[in-house]
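Structure below is structure-v9.txt: compact mmCIF, N, CA and C atoms.
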# COMPACT_ATOMS: atom_id res chain seq x y z
N MET A 1 -173.95 251.23 49.68
CA MET A 1 -174.89 250.30 49.13
C MET A 1 -174.26 249.51 47.99
N LEU A 2 -173.46 250.15 47.18
CA LEU A 2 -172.78 249.48 46.09
C LEU A 2 -171.83 248.43 46.63
N LEU A 3 -171.18 248.74 47.69
CA LEU A 3 -170.26 247.79 48.31
C LEU A 3 -171.01 246.59 48.86
N SER A 4 -172.13 246.78 49.44
CA SER A 4 -172.88 245.65 49.98
C SER A 4 -173.45 244.80 48.84
N GLY A 5 -173.78 245.39 47.70
CA GLY A 5 -174.25 244.62 46.54
C GLY A 5 -173.15 243.75 45.99
N ALA A 6 -171.90 244.25 45.93
CA ALA A 6 -170.76 243.48 45.45
C ALA A 6 -170.45 242.35 46.43
N ALA A 7 -170.52 242.65 47.71
CA ALA A 7 -170.28 241.63 48.72
C ALA A 7 -171.33 240.55 48.64
N PHE A 8 -172.58 240.96 48.39
CA PHE A 8 -173.67 240.01 48.26
C PHE A 8 -173.45 239.10 47.05
N LEU A 9 -172.99 239.66 45.94
CA LEU A 9 -172.72 238.88 44.73
C LEU A 9 -171.59 237.87 44.97
N VAL A 10 -170.53 238.29 45.66
CA VAL A 10 -169.42 237.38 45.98
C VAL A 10 -169.93 236.27 46.89
N LEU A 11 -170.78 236.63 47.85
CA LEU A 11 -171.34 235.64 48.76
C LEU A 11 -172.20 234.62 48.01
N ILE A 12 -172.98 235.05 47.07
CA ILE A 12 -173.82 234.15 46.26
C ILE A 12 -172.94 233.21 45.43
N ILE A 13 -171.89 233.73 44.82
CA ILE A 13 -170.96 232.89 44.02
C ILE A 13 -170.29 231.87 44.91
N TRP A 14 -169.84 232.34 46.08
CA TRP A 14 -169.18 231.44 47.03
C TRP A 14 -170.14 230.34 47.48
N LEU A 15 -171.36 230.67 47.74
CA LEU A 15 -172.38 229.71 48.13
C LEU A 15 -172.64 228.70 47.02
N ALA A 16 -172.64 229.13 45.77
CA ALA A 16 -172.84 228.24 44.62
C ALA A 16 -171.68 227.25 44.51
N VAL A 17 -170.45 227.73 44.70
CA VAL A 17 -169.27 226.87 44.62
C VAL A 17 -169.32 225.82 45.72
N ILE A 18 -169.61 226.21 46.94
CA ILE A 18 -169.68 225.27 48.06
C ILE A 18 -170.81 224.27 47.84
N THR A 19 -171.95 224.72 47.35
CA THR A 19 -173.08 223.83 47.08
C THR A 19 -172.69 222.79 46.04
N PHE A 20 -172.02 223.21 44.98
CA PHE A 20 -171.59 222.28 43.92
C PHE A 20 -170.60 221.26 44.50
N TRP A 21 -169.66 221.72 45.30
CA TRP A 21 -168.66 220.83 45.90
C TRP A 21 -169.34 219.81 46.82
N LEU A 22 -170.28 220.25 47.63
CA LEU A 22 -171.02 219.34 48.51
C LEU A 22 -171.85 218.33 47.71
N TRP A 23 -172.45 218.78 46.61
CA TRP A 23 -173.24 217.90 45.77
C TRP A 23 -172.35 216.79 45.18
N GLN A 24 -171.15 217.16 44.70
CA GLN A 24 -170.22 216.17 44.14
C GLN A 24 -169.78 215.16 45.21
N THR A 25 -169.49 215.66 46.40
CA THR A 25 -169.08 214.78 47.50
C THR A 25 -170.21 213.81 47.85
N ASP A 26 -171.43 214.31 47.90
CA ASP A 26 -172.59 213.48 48.20
C ASP A 26 -172.77 212.41 47.13
N GLN A 27 -172.63 212.76 45.86
CA GLN A 27 -172.77 211.79 44.76
C GLN A 27 -171.71 210.70 44.87
N HIS A 28 -170.49 211.11 45.18
CA HIS A 28 -169.41 210.14 45.32
C HIS A 28 -169.70 209.20 46.49
N TYR A 29 -170.16 209.73 47.60
CA TYR A 29 -170.50 208.93 48.78
C TYR A 29 -171.62 207.94 48.45
N LYS A 30 -172.63 208.39 47.73
CA LYS A 30 -173.75 207.51 47.37
C LYS A 30 -173.28 206.37 46.47
N LYS A 31 -172.38 206.64 45.53
CA LYS A 31 -171.84 205.57 44.67
C LYS A 31 -171.06 204.56 45.50
N LEU A 32 -170.27 205.05 46.43
CA LEU A 32 -169.47 204.19 47.29
C LEU A 32 -170.37 203.29 48.13
N VAL A 33 -171.37 203.86 48.72
CA VAL A 33 -172.29 203.12 49.57
C VAL A 33 -173.13 202.15 48.75
N ALA A 34 -173.54 202.54 47.56
CA ALA A 34 -174.40 201.69 46.73
C ALA A 34 -173.68 200.41 46.32
N THR A 35 -172.38 200.45 46.03
CA THR A 35 -171.65 199.26 45.58
C THR A 35 -171.31 198.32 46.71
N THR A 36 -171.30 198.80 47.95
CA THR A 36 -170.91 197.94 49.07
C THR A 36 -172.10 197.38 49.84
N GLY A 37 -173.23 197.99 49.71
CA GLY A 37 -174.39 197.54 50.46
C GLY A 37 -174.38 198.00 51.90
N ARG A 38 -173.46 198.82 52.27
CA ARG A 38 -173.35 199.35 53.63
C ARG A 38 -173.81 200.81 53.62
N THR A 39 -174.05 201.33 54.81
CA THR A 39 -174.54 202.71 54.87
C THR A 39 -173.56 203.66 55.53
N ASP A 40 -172.49 203.13 56.16
CA ASP A 40 -171.54 204.05 56.79
C ASP A 40 -170.11 203.70 56.36
N LEU A 41 -169.27 204.70 56.37
CA LEU A 41 -167.89 204.52 55.91
C LEU A 41 -167.09 203.59 56.82
N ARG A 42 -167.37 203.59 58.09
CA ARG A 42 -166.62 202.75 59.03
C ARG A 42 -166.76 201.27 58.66
N SER A 43 -167.99 200.83 58.42
CA SER A 43 -168.18 199.42 58.07
C SER A 43 -167.56 199.10 56.71
N ILE A 44 -167.58 200.05 55.80
CA ILE A 44 -166.96 199.85 54.49
C ILE A 44 -165.45 199.67 54.66
N LEU A 45 -164.82 200.53 55.45
CA LEU A 45 -163.37 200.43 55.68
C LEU A 45 -163.02 199.15 56.42
N GLU A 46 -163.83 198.76 57.41
CA GLU A 46 -163.56 197.52 58.14
C GLU A 46 -163.64 196.31 57.19
N ARG A 47 -164.61 196.34 56.31
CA ARG A 47 -164.77 195.25 55.34
C ARG A 47 -163.55 195.20 54.39
N LEU A 48 -163.09 196.35 53.94
CA LEU A 48 -161.93 196.40 53.06
C LEU A 48 -160.67 195.90 53.77
N LEU A 49 -160.48 196.31 55.02
CA LEU A 49 -159.30 195.86 55.77
C LEU A 49 -159.36 194.37 56.05
N SER A 50 -160.53 193.84 56.33
CA SER A 50 -160.69 192.40 56.54
C SER A 50 -160.37 191.64 55.25
N GLY A 51 -160.86 192.16 54.14
CA GLY A 51 -160.57 191.54 52.84
C GLY A 51 -159.09 191.57 52.52
N GLN A 52 -158.43 192.66 52.87
CA GLN A 52 -156.99 192.78 52.62
C GLN A 52 -156.22 191.76 53.46
N ALA A 53 -156.63 191.57 54.70
CA ALA A 53 -155.98 190.57 55.56
C ALA A 53 -156.17 189.18 54.99
N ASN A 54 -157.37 188.87 54.50
CA ASN A 54 -157.63 187.57 53.89
C ASN A 54 -156.78 187.37 52.63
N LEU A 55 -156.63 188.42 51.85
CA LEU A 55 -155.81 188.32 50.64
C LEU A 55 -154.34 188.09 50.99
N ALA A 56 -153.87 188.75 52.03
CA ALA A 56 -152.48 188.57 52.44
C ALA A 56 -152.24 187.13 52.90
N GLU A 57 -153.19 186.56 53.63
CA GLU A 57 -153.08 185.18 54.07
C GLU A 57 -153.11 184.23 52.88
N HIS A 58 -153.99 184.49 51.95
CA HIS A 58 -154.10 183.66 50.74
C HIS A 58 -152.81 183.75 49.91
N LEU A 59 -152.25 184.94 49.83
CA LEU A 59 -151.01 185.13 49.08
C LEU A 59 -149.87 184.32 49.70
N LYS A 60 -149.81 184.26 51.02
CA LYS A 60 -148.77 183.46 51.68
C LYS A 60 -148.93 181.98 51.33
N LYS A 61 -150.18 181.49 51.28
CA LYS A 61 -150.42 180.10 50.92
C LYS A 61 -149.99 179.83 49.48
N VAL A 62 -150.31 180.75 48.60
CA VAL A 62 -149.94 180.60 47.18
C VAL A 62 -148.42 180.59 47.03
N GLU A 63 -147.74 181.50 47.74
CA GLU A 63 -146.27 181.54 47.66
C GLU A 63 -145.66 180.25 48.19
N GLY A 64 -146.24 179.70 49.27
CA GLY A 64 -145.76 178.42 49.79
C GLY A 64 -145.95 177.30 48.78
N GLY A 65 -147.11 177.30 48.12
CA GLY A 65 -147.38 176.30 47.10
C GLY A 65 -146.44 176.41 45.92
N LEU A 66 -146.09 177.63 45.56
CA LEU A 66 -145.14 177.83 44.46
C LEU A 66 -143.77 177.29 44.83
N GLY A 67 -143.39 177.45 46.08
CA GLY A 67 -142.11 176.90 46.52
C GLY A 67 -142.07 175.39 46.40
N VAL A 68 -143.16 174.74 46.79
CA VAL A 68 -143.26 173.28 46.68
C VAL A 68 -143.20 172.86 45.21
N LEU A 69 -143.95 173.57 44.36
CA LEU A 69 -143.93 173.24 42.93
C LEU A 69 -142.54 173.44 42.33
N ASP A 70 -141.86 174.50 42.74
CA ASP A 70 -140.52 174.76 42.23
C ASP A 70 -139.58 173.61 42.59
N LYS A 71 -139.68 173.11 43.81
CA LYS A 71 -138.83 171.98 44.21
C LYS A 71 -139.17 170.73 43.41
N LYS A 72 -140.47 170.50 43.19
CA LYS A 72 -140.88 169.32 42.43
C LYS A 72 -140.43 169.39 40.98
N THR A 73 -140.49 170.56 40.38
CA THR A 73 -140.13 170.68 38.97
C THR A 73 -138.63 170.55 38.74
N GLN A 74 -137.83 170.63 39.78
CA GLN A 74 -136.39 170.45 39.61
C GLN A 74 -136.07 169.03 39.13
N SER A 75 -136.96 168.08 39.42
CA SER A 75 -136.70 166.70 39.03
C SER A 75 -137.36 166.32 37.70
N HIS A 76 -138.02 167.25 37.04
CA HIS A 76 -138.65 166.98 35.75
C HIS A 76 -137.73 167.40 34.61
N ILE A 77 -137.84 166.73 33.49
CA ILE A 77 -137.03 167.10 32.33
C ILE A 77 -137.43 168.49 31.89
N SER A 78 -136.48 169.40 31.92
CA SER A 78 -136.77 170.78 31.54
C SER A 78 -135.73 171.36 30.58
N LYS A 79 -134.66 170.62 30.37
CA LYS A 79 -133.59 171.10 29.49
C LYS A 79 -133.35 170.04 28.42
N VAL A 80 -133.58 170.43 27.19
CA VAL A 80 -133.44 169.49 26.08
C VAL A 80 -132.60 170.14 24.99
N ALA A 81 -131.66 169.39 24.46
CA ALA A 81 -130.85 169.88 23.34
C ALA A 81 -130.48 168.70 22.45
N SER A 82 -130.41 168.95 21.16
CA SER A 82 -130.05 167.88 20.23
C SER A 82 -129.04 168.38 19.21
N VAL A 83 -128.25 167.44 18.73
CA VAL A 83 -127.25 167.73 17.68
C VAL A 83 -127.38 166.63 16.64
N ARG A 84 -127.62 167.04 15.40
CA ARG A 84 -127.69 166.08 14.28
C ARG A 84 -126.33 166.04 13.60
N PHE A 85 -125.94 164.85 13.14
CA PHE A 85 -124.65 164.72 12.48
C PHE A 85 -124.64 163.48 11.58
N ASN A 86 -123.60 163.37 10.78
CA ASN A 86 -123.41 162.25 9.87
C ASN A 86 -122.12 161.53 10.28
N PRO A 87 -122.22 160.38 10.96
CA PRO A 87 -121.01 159.71 11.43
C PRO A 87 -120.28 158.89 10.37
N TYR A 88 -120.99 158.56 9.31
CA TYR A 88 -120.40 157.69 8.28
C TYR A 88 -120.40 158.42 6.95
N SER A 89 -119.37 158.23 6.19
CA SER A 89 -119.29 158.90 4.89
C SER A 89 -120.17 158.22 3.84
N ASN A 90 -120.58 156.97 4.08
CA ASN A 90 -121.36 156.25 3.07
C ASN A 90 -122.88 156.40 3.24
N THR A 91 -123.33 157.22 4.17
CA THR A 91 -124.77 157.45 4.33
C THR A 91 -125.13 158.81 3.77
N GLY A 92 -126.41 159.01 3.54
CA GLY A 92 -126.88 160.20 2.84
C GLY A 92 -126.78 161.51 3.61
N SER A 93 -127.47 161.62 4.74
CA SER A 93 -127.52 162.93 5.40
C SER A 93 -127.37 162.78 6.90
N ASN A 94 -127.62 163.87 7.61
CA ASN A 94 -127.46 163.90 9.07
C ASN A 94 -128.64 163.21 9.75
N GLN A 95 -128.68 161.88 9.67
CA GLN A 95 -129.77 161.14 10.29
C GLN A 95 -129.42 160.64 11.69
N SER A 96 -128.19 160.77 12.08
CA SER A 96 -127.78 160.40 13.44
C SER A 96 -127.93 161.62 14.33
N PHE A 97 -128.09 161.38 15.63
CA PHE A 97 -128.25 162.52 16.54
C PHE A 97 -127.80 162.17 17.95
N ALA A 98 -127.49 163.21 18.70
CA ALA A 98 -127.24 163.12 20.14
C ALA A 98 -128.31 163.99 20.79
N LEU A 99 -128.97 163.45 21.82
CA LEU A 99 -130.07 164.15 22.47
C LEU A 99 -129.81 164.15 23.97
N ALA A 100 -129.74 165.34 24.56
CA ALA A 100 -129.56 165.47 26.01
C ALA A 100 -130.90 165.83 26.63
N LEU A 101 -131.30 165.07 27.66
CA LEU A 101 -132.55 165.30 28.41
C LEU A 101 -132.17 165.47 29.88
N LEU A 102 -132.26 166.70 30.37
CA LEU A 102 -131.82 167.00 31.74
C LEU A 102 -132.93 167.62 32.57
N ASP A 103 -132.82 167.45 33.89
CA ASP A 103 -133.75 168.10 34.81
C ASP A 103 -133.13 169.42 35.30
N GLY A 104 -133.75 170.05 36.27
CA GLY A 104 -133.26 171.33 36.79
C GLY A 104 -131.93 171.23 37.50
N ASN A 105 -131.53 170.01 37.89
CA ASN A 105 -130.25 169.79 38.56
C ASN A 105 -129.18 169.31 37.58
N ASN A 106 -129.47 169.44 36.28
CA ASN A 106 -128.56 169.00 35.20
C ASN A 106 -128.26 167.51 35.27
N SER A 107 -129.27 166.74 35.70
CA SER A 107 -129.13 165.29 35.72
C SER A 107 -130.17 164.69 34.77
N GLY A 108 -129.81 163.58 34.15
CA GLY A 108 -130.71 162.94 33.20
C GLY A 108 -129.95 161.95 32.34
N VAL A 109 -130.16 162.03 31.03
CA VAL A 109 -129.51 161.10 30.11
C VAL A 109 -129.10 161.82 28.83
N VAL A 110 -128.13 161.20 28.15
CA VAL A 110 -127.76 161.61 26.80
C VAL A 110 -128.02 160.39 25.92
N LEU A 111 -128.83 160.57 24.90
CA LEU A 111 -129.13 159.50 23.94
C LEU A 111 -128.29 159.73 22.69
N LEU A 112 -127.72 158.67 22.19
CA LEU A 112 -126.96 158.75 20.94
C LEU A 112 -127.55 157.74 19.98
N SER A 113 -127.95 158.22 18.82
CA SER A 113 -128.49 157.34 17.78
C SER A 113 -127.56 157.43 16.57
N LEU A 114 -126.96 156.28 16.23
CA LEU A 114 -126.06 156.20 15.08
C LEU A 114 -126.78 155.45 13.97
N HIS A 115 -127.08 156.16 12.90
CA HIS A 115 -127.83 155.58 11.78
C HIS A 115 -126.87 155.27 10.63
N GLY A 116 -126.88 154.02 10.21
CA GLY A 116 -126.05 153.60 9.08
C GLY A 116 -126.86 152.74 8.12
N ARG A 117 -126.23 152.32 7.02
CA ARG A 117 -126.94 151.52 6.02
C ARG A 117 -127.39 150.17 6.59
N GLU A 118 -126.60 149.58 7.46
CA GLU A 118 -126.94 148.26 7.99
C GLU A 118 -127.84 148.31 9.21
N GLY A 119 -128.14 149.50 9.74
CA GLY A 119 -129.05 149.60 10.89
C GLY A 119 -128.79 150.85 11.72
N THR A 120 -129.56 150.92 12.78
CA THR A 120 -129.43 152.05 13.70
C THR A 120 -129.11 151.51 15.09
N ARG A 121 -128.15 152.14 15.73
CA ARG A 121 -127.78 151.76 17.09
C ARG A 121 -128.10 152.94 18.00
N ILE A 122 -128.62 152.62 19.18
CA ILE A 122 -128.97 153.66 20.15
C ILE A 122 -128.23 153.37 21.45
N TYR A 123 -127.59 154.41 21.99
CA TYR A 123 -126.85 154.31 23.24
C TYR A 123 -127.41 155.34 24.22
N VAL A 124 -127.49 154.94 25.48
CA VAL A 124 -127.97 155.84 26.53
C VAL A 124 -126.89 155.94 27.59
N LYS A 125 -126.56 157.18 27.95
CA LYS A 125 -125.54 157.39 28.98
C LYS A 125 -126.13 158.31 30.05
N PRO A 126 -126.08 157.87 31.32
CA PRO A 126 -126.62 158.71 32.39
C PRO A 126 -125.75 159.94 32.65
N VAL A 127 -126.41 160.99 33.12
CA VAL A 127 -125.72 162.24 33.43
C VAL A 127 -126.15 162.65 34.84
N VAL A 128 -125.18 162.99 35.68
CA VAL A 128 -125.46 163.47 37.03
C VAL A 128 -124.72 164.79 37.22
N SER A 129 -125.46 165.82 37.56
CA SER A 129 -124.90 167.17 37.77
C SER A 129 -124.08 167.65 36.58
N GLY A 130 -124.57 167.38 35.38
CA GLY A 130 -123.93 167.87 34.16
C GLY A 130 -122.75 167.06 33.68
N LYS A 131 -122.48 165.90 34.32
CA LYS A 131 -121.33 165.09 33.93
C LYS A 131 -121.75 163.63 33.83
N SER A 132 -121.08 162.91 32.93
CA SER A 132 -121.33 161.48 32.78
C SER A 132 -120.07 160.72 33.13
N LYS A 133 -120.24 159.57 33.78
CA LYS A 133 -119.07 158.76 34.11
C LYS A 133 -118.58 157.98 32.89
N TYR A 134 -119.37 158.01 31.82
CA TYR A 134 -118.99 157.37 30.56
C TYR A 134 -118.37 158.41 29.63
N GLU A 135 -117.49 157.96 28.78
CA GLU A 135 -116.88 158.88 27.82
C GLU A 135 -117.92 159.29 26.80
N LEU A 136 -117.99 160.59 26.52
CA LEU A 136 -118.97 161.14 25.59
C LEU A 136 -118.30 161.51 24.28
N SER A 137 -119.04 161.31 23.19
CA SER A 137 -118.53 161.73 21.89
C SER A 137 -118.61 163.25 21.79
N VAL A 138 -118.02 163.79 20.73
CA VAL A 138 -118.05 165.25 20.51
C VAL A 138 -119.49 165.74 20.43
N GLU A 139 -120.33 165.03 19.72
CA GLU A 139 -121.72 165.43 19.55
C GLU A 139 -122.51 165.32 20.87
N GLU A 140 -122.22 164.27 21.63
CA GLU A 140 -122.88 164.12 22.93
C GLU A 140 -122.46 165.26 23.87
N LYS A 141 -121.20 165.59 23.87
CA LYS A 141 -120.72 166.70 24.70
C LYS A 141 -121.39 168.01 24.28
N GLN A 142 -121.50 168.22 22.98
CA GLN A 142 -122.13 169.44 22.47
C GLN A 142 -123.59 169.52 22.90
N ALA A 143 -124.34 168.43 22.77
CA ALA A 143 -125.75 168.41 23.18
C ALA A 143 -125.86 168.64 24.69
N LEU A 144 -124.97 168.01 25.46
CA LEU A 144 -125.00 168.18 26.91
C LEU A 144 -124.71 169.62 27.31
N GLU A 145 -123.71 170.22 26.69
CA GLU A 145 -123.36 171.62 26.99
C GLU A 145 -124.52 172.56 26.65
N GLU A 146 -125.16 172.34 25.52
CA GLU A 146 -126.31 173.18 25.12
C GLU A 146 -127.46 173.03 26.10
N ALA A 147 -127.71 171.82 26.57
CA ALA A 147 -128.81 171.59 27.51
C ALA A 147 -128.50 172.22 28.86
N VAL A 148 -127.29 172.12 29.32
CA VAL A 148 -126.91 172.70 30.62
C VAL A 148 -127.06 174.21 30.61
N LYS A 149 -126.79 174.85 29.47
CA LYS A 149 -126.88 176.31 29.36
C LYS A 149 -128.31 176.83 29.49
N LYS A 150 -129.28 175.96 29.18
CA LYS A 150 -130.69 176.40 29.22
C LYS A 150 -131.14 176.53 30.67
N SER A 151 -132.03 177.50 30.90
CA SER A 151 -132.50 177.68 32.28
C SER A 151 -133.94 177.30 32.44
Write out the structure in this file as structure tokens.
Amino acid sequence: MLLSGAAFLVLIIWLAVITFWLWQTDQHYKKLVATTGRTDLRSILERLLSGQANLAEHLKKVEGGLGVLDKKTQSHISKVASVRFNPYSNTGSNQSFALALLDGNNSGVVLLSLHGREGTRIYVKPVVSGKSKYELSVEEKQALEEAVKKS
């Protein structure tokens, strides 16, 4: 009789554990169903898989659009560098400058502004693939090199 009482107690504990586990599973299932508006797991999974397929298709479109934008931005000015200097000993400070404006293909222009007491002169030299067919000053070369290094 003592043995059957101990077995009965173990059986009651085991029943309580299983009941608690089933209750937790049921609560989790009810939360899942409540947020989806569906009543069975199959329709919930089908809806999720359909949504995943739509997201994958949308992601491909976005990636394609990014490729187009990347190609377009290669022709926009994206690399800029400047060097200030004093070309004349009779002027006050570094008011002259060389400015390189390049696109993603290292093409663009180098601007040179020479400021002196009698006026300011501005020169523009085209750049193609990081090189100019015109001779560049030391400052222009420095600005061009700095701009080319930028990514």
A:Tyr88, A:Ser93, A:Ala143, A:Gly65: which is nearest Glu118 of chain A, counting only C-alpha atoms?
A:Tyr88
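Taking all atoms listed in the file, the non-local environment of Leu111 of chain A within 7 Å (same-chain residues fewer than 5 positions away omitted) comprises Phe97, Ala98, Leu99, Ala100, Leu101, Ile122, Tyr123, Val124, Lys125 and Glu140 of chain A.
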Enter the distance from atom N of Lys131 of chain A to atom CA of Ser75 of chain A, in Å, rounded to one decimal.
15.0 Å
Report the residues of segment 5-146 of chain A whose backbone DSSP state falls under helix (DSSP H, G or I), written as a VMD selection string.
chain A and resid 5 to 36 41 to 73 138 to 146
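With distances taken over only N, CA and C atoms, A:Lys79 is the one residue among A:His28, A:His58, A:Lys71, A:Lys79 lying closest to Asp103 of chain A.
In this model, the gap between atom CA of Val127 of chain A and atom CA of Thr73 of chain A comes to 17.6 Å.
Taking only C-alpha atoms into account, Ser137 of chain A lies nearest to A:Pro87 out of the set A:Gly5, A:Gly64, A:Pro87, A:Gly119.
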